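As structure tokens, the structure follows; a few thoughts come after it.
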Amino acid sequence: MTSNLKDRHFLSMLDLSREETLDVLDTAKTLKSGGYPPDKFPLKGMTLAMIFQKPSLRTRVSFETGMTKLGGHAIYLAPTDISLSKRETTEDIAMVLSRYVDIIMARVFGHDIVEDLAKHATVPIINGLSDWEHPCQILADFQTIIERKGKLDGVKACFIGDGNNVAHSLMLGASRVGMHMTVITPPGHEPDEKVKTQSTQIGAETGSIITVANDLGAASGADVLYTDVWASMGQEDEAAARRQVFTAYRIDGETMKIAAPDATILHCLPAHYGDEIDYETSRLPGSAIFDQAENRMHAQNALMVHLKGRA
Ligand code: CP
Ligand code: NVA
């Protein structure tokens, strides 16, 4: 291992260099193939605090089970437990938790909340999803793409749907590792201009081509097809209106005809079958959606082992 991620925060895919990303993925592969031998506990005696402002299945269970497999312990803090920013300031929460635990993971609305936690905590902060990014998801996605395609470098990935937190992290992460990324959205739902600029600039150095389009034809020849819900957590009120606008921006039999014949299908889940993906397509042999879900745990475990200097 060449990376030194000890005591760093992981708020964004931008927080890891290409080499650091690949090192974490290498550790994730080792952990997965090693099957977590019970006599080898890299995070023995350590505690992870998990702050949630939003619901979760994968993030909560993968982090909690992951800590158990690494010999540590995780504490779930529900939205009503600490009422972030209402009952107590983010600063005080960060300072208090830092006196008890070894790592803090937070799933929040505003990205400024994870940034504020990181500013005041003396232990690593992990972004378990903010409105801006979902970097833990992308580590798992990259592990899954390597399993299916053998590499990231030069792979043509295409995200169809909303230019949301997942799309942002995919663009930034892809630009770092040399993967090509096309994001196809309805007009007006493109990823943020800042992310487009950042990822395009990084991509110019790594050979990664980052494209934003409104035309589904841009998915032509894609090695990886990825989608996510049309309305993210916090946008529930917009769901009906968005369904009208996003109808064509989905993965189904027609999209599969445009992509490469052996295209891998990804979805971070939860899925709304019949909207952004149809059930039949999600169950094709090319679908890796449950590998992705499993890899959340291995990729995050690898990340935590690096952040605590135990890689
Ligand atoms: N993909 C993902 O983050 O799932 P949860 O919202 O269930 O954690
Ligand atoms: N974009 C989705 C991802 C869920 C894992 C959301 O933020 O709700």
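A note on labels: chains of the structure tokens are A, B, ... as shown, every chain counts residues from 1, and ligands are counted from 1 in their shown order.
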Members of region 81-291 of chain A assigned strand (DSSP E) by DSSP, as a VMD selection string:
chain A and resid 103 to 107 125 to 127 156 to 160 180 to 184 210 to 213 224 to 227 264 to 267
Tell me which protein, DNA and RNA residues are within 12 Å of region 83-92 of chain A, counting only C-alpha atoms, leaving out same-chain ones fewer than 6 positions away, and put them as a ChimeraX atom specification.
/A:51-54,77,98-99,106-110,112-122
Between CA of Arg250 (chain A) and CA of Leu57 (chain A), distance in Å (one decimal)
23.0 Å
Top pick for closest residue to Ile125 (chain A), considering A:Asp39, A:Asp237, A:Asp15, A:Asp215 and counting only C-alpha atoms:
A:Asp15
Neighbourhood of ligand 1 at 12 Å, counting only C-alpha atoms and all ligand atoms, reported as a PyMOL selection string
chain A and resi 50+52-64+105-108+127-131+133-141+165-166+227-229+232-233+266-271+289-297+300
Do you have the CA of Met304 (chain A)-CA of Val224 (chain A) distance handy?
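These atoms are spaced 27.2 Å apart.
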Using only C-alpha atoms and all ligand atoms, can you tell me which of A:Gly274, A:Gly72, A:Gly161, A:Pro37 comes closest to ligand 2?
A:Gly161
Which is closest to Lys194 (chain A) among A:His168, A:Arg310, A:Arg148, A:Lys257, if we use only C-alpha atoms?
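Among A:His168, A:Arg310, A:Arg148, A:Lys257, it is A:His168 that comes nearest to Lys194 (chain A).
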Selection near region 18-26 of chain A, 7 Å with only C-alpha atoms, sequence-local residues under 5 positions removed, as a ChimeraX atom specification
/A:1,3,143,176-177,299,302-303
Using C-alpha atoms, can you write the selected residues to a file as a PDB file, in the first residue's frame?
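See part.pdb below for the written result:
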```
ATOM      1  CA  MET A   1       0.000   0.000   0.000  1.00  0.00           C
ATOM      2  CA  SER A   3      -1.552   5.610   0.192  1.00  0.00           C
ATOM      3  CA  GLN A 143     -15.372  -2.272  -7.339  1.00  0.00           C
ATOM      4  CA  ARG A 176      -9.977  10.711 -11.429  1.00  0.00           C
ATOM      5  CA  VAL A 177      -9.592   7.078 -12.546  1.00  0.00           C
ATOM      6  CA  ALA A 299     -15.549  -0.853  -0.249  1.00  0.00           C
ATOM      7  CA  ALA A 302     -11.578  -0.886   2.970  1.00  0.00           C
ATOM      8  CA  LEU A 303     -12.043   2.862   3.296  1.00  0.00           C
TER       9      LEU A 303
END
```
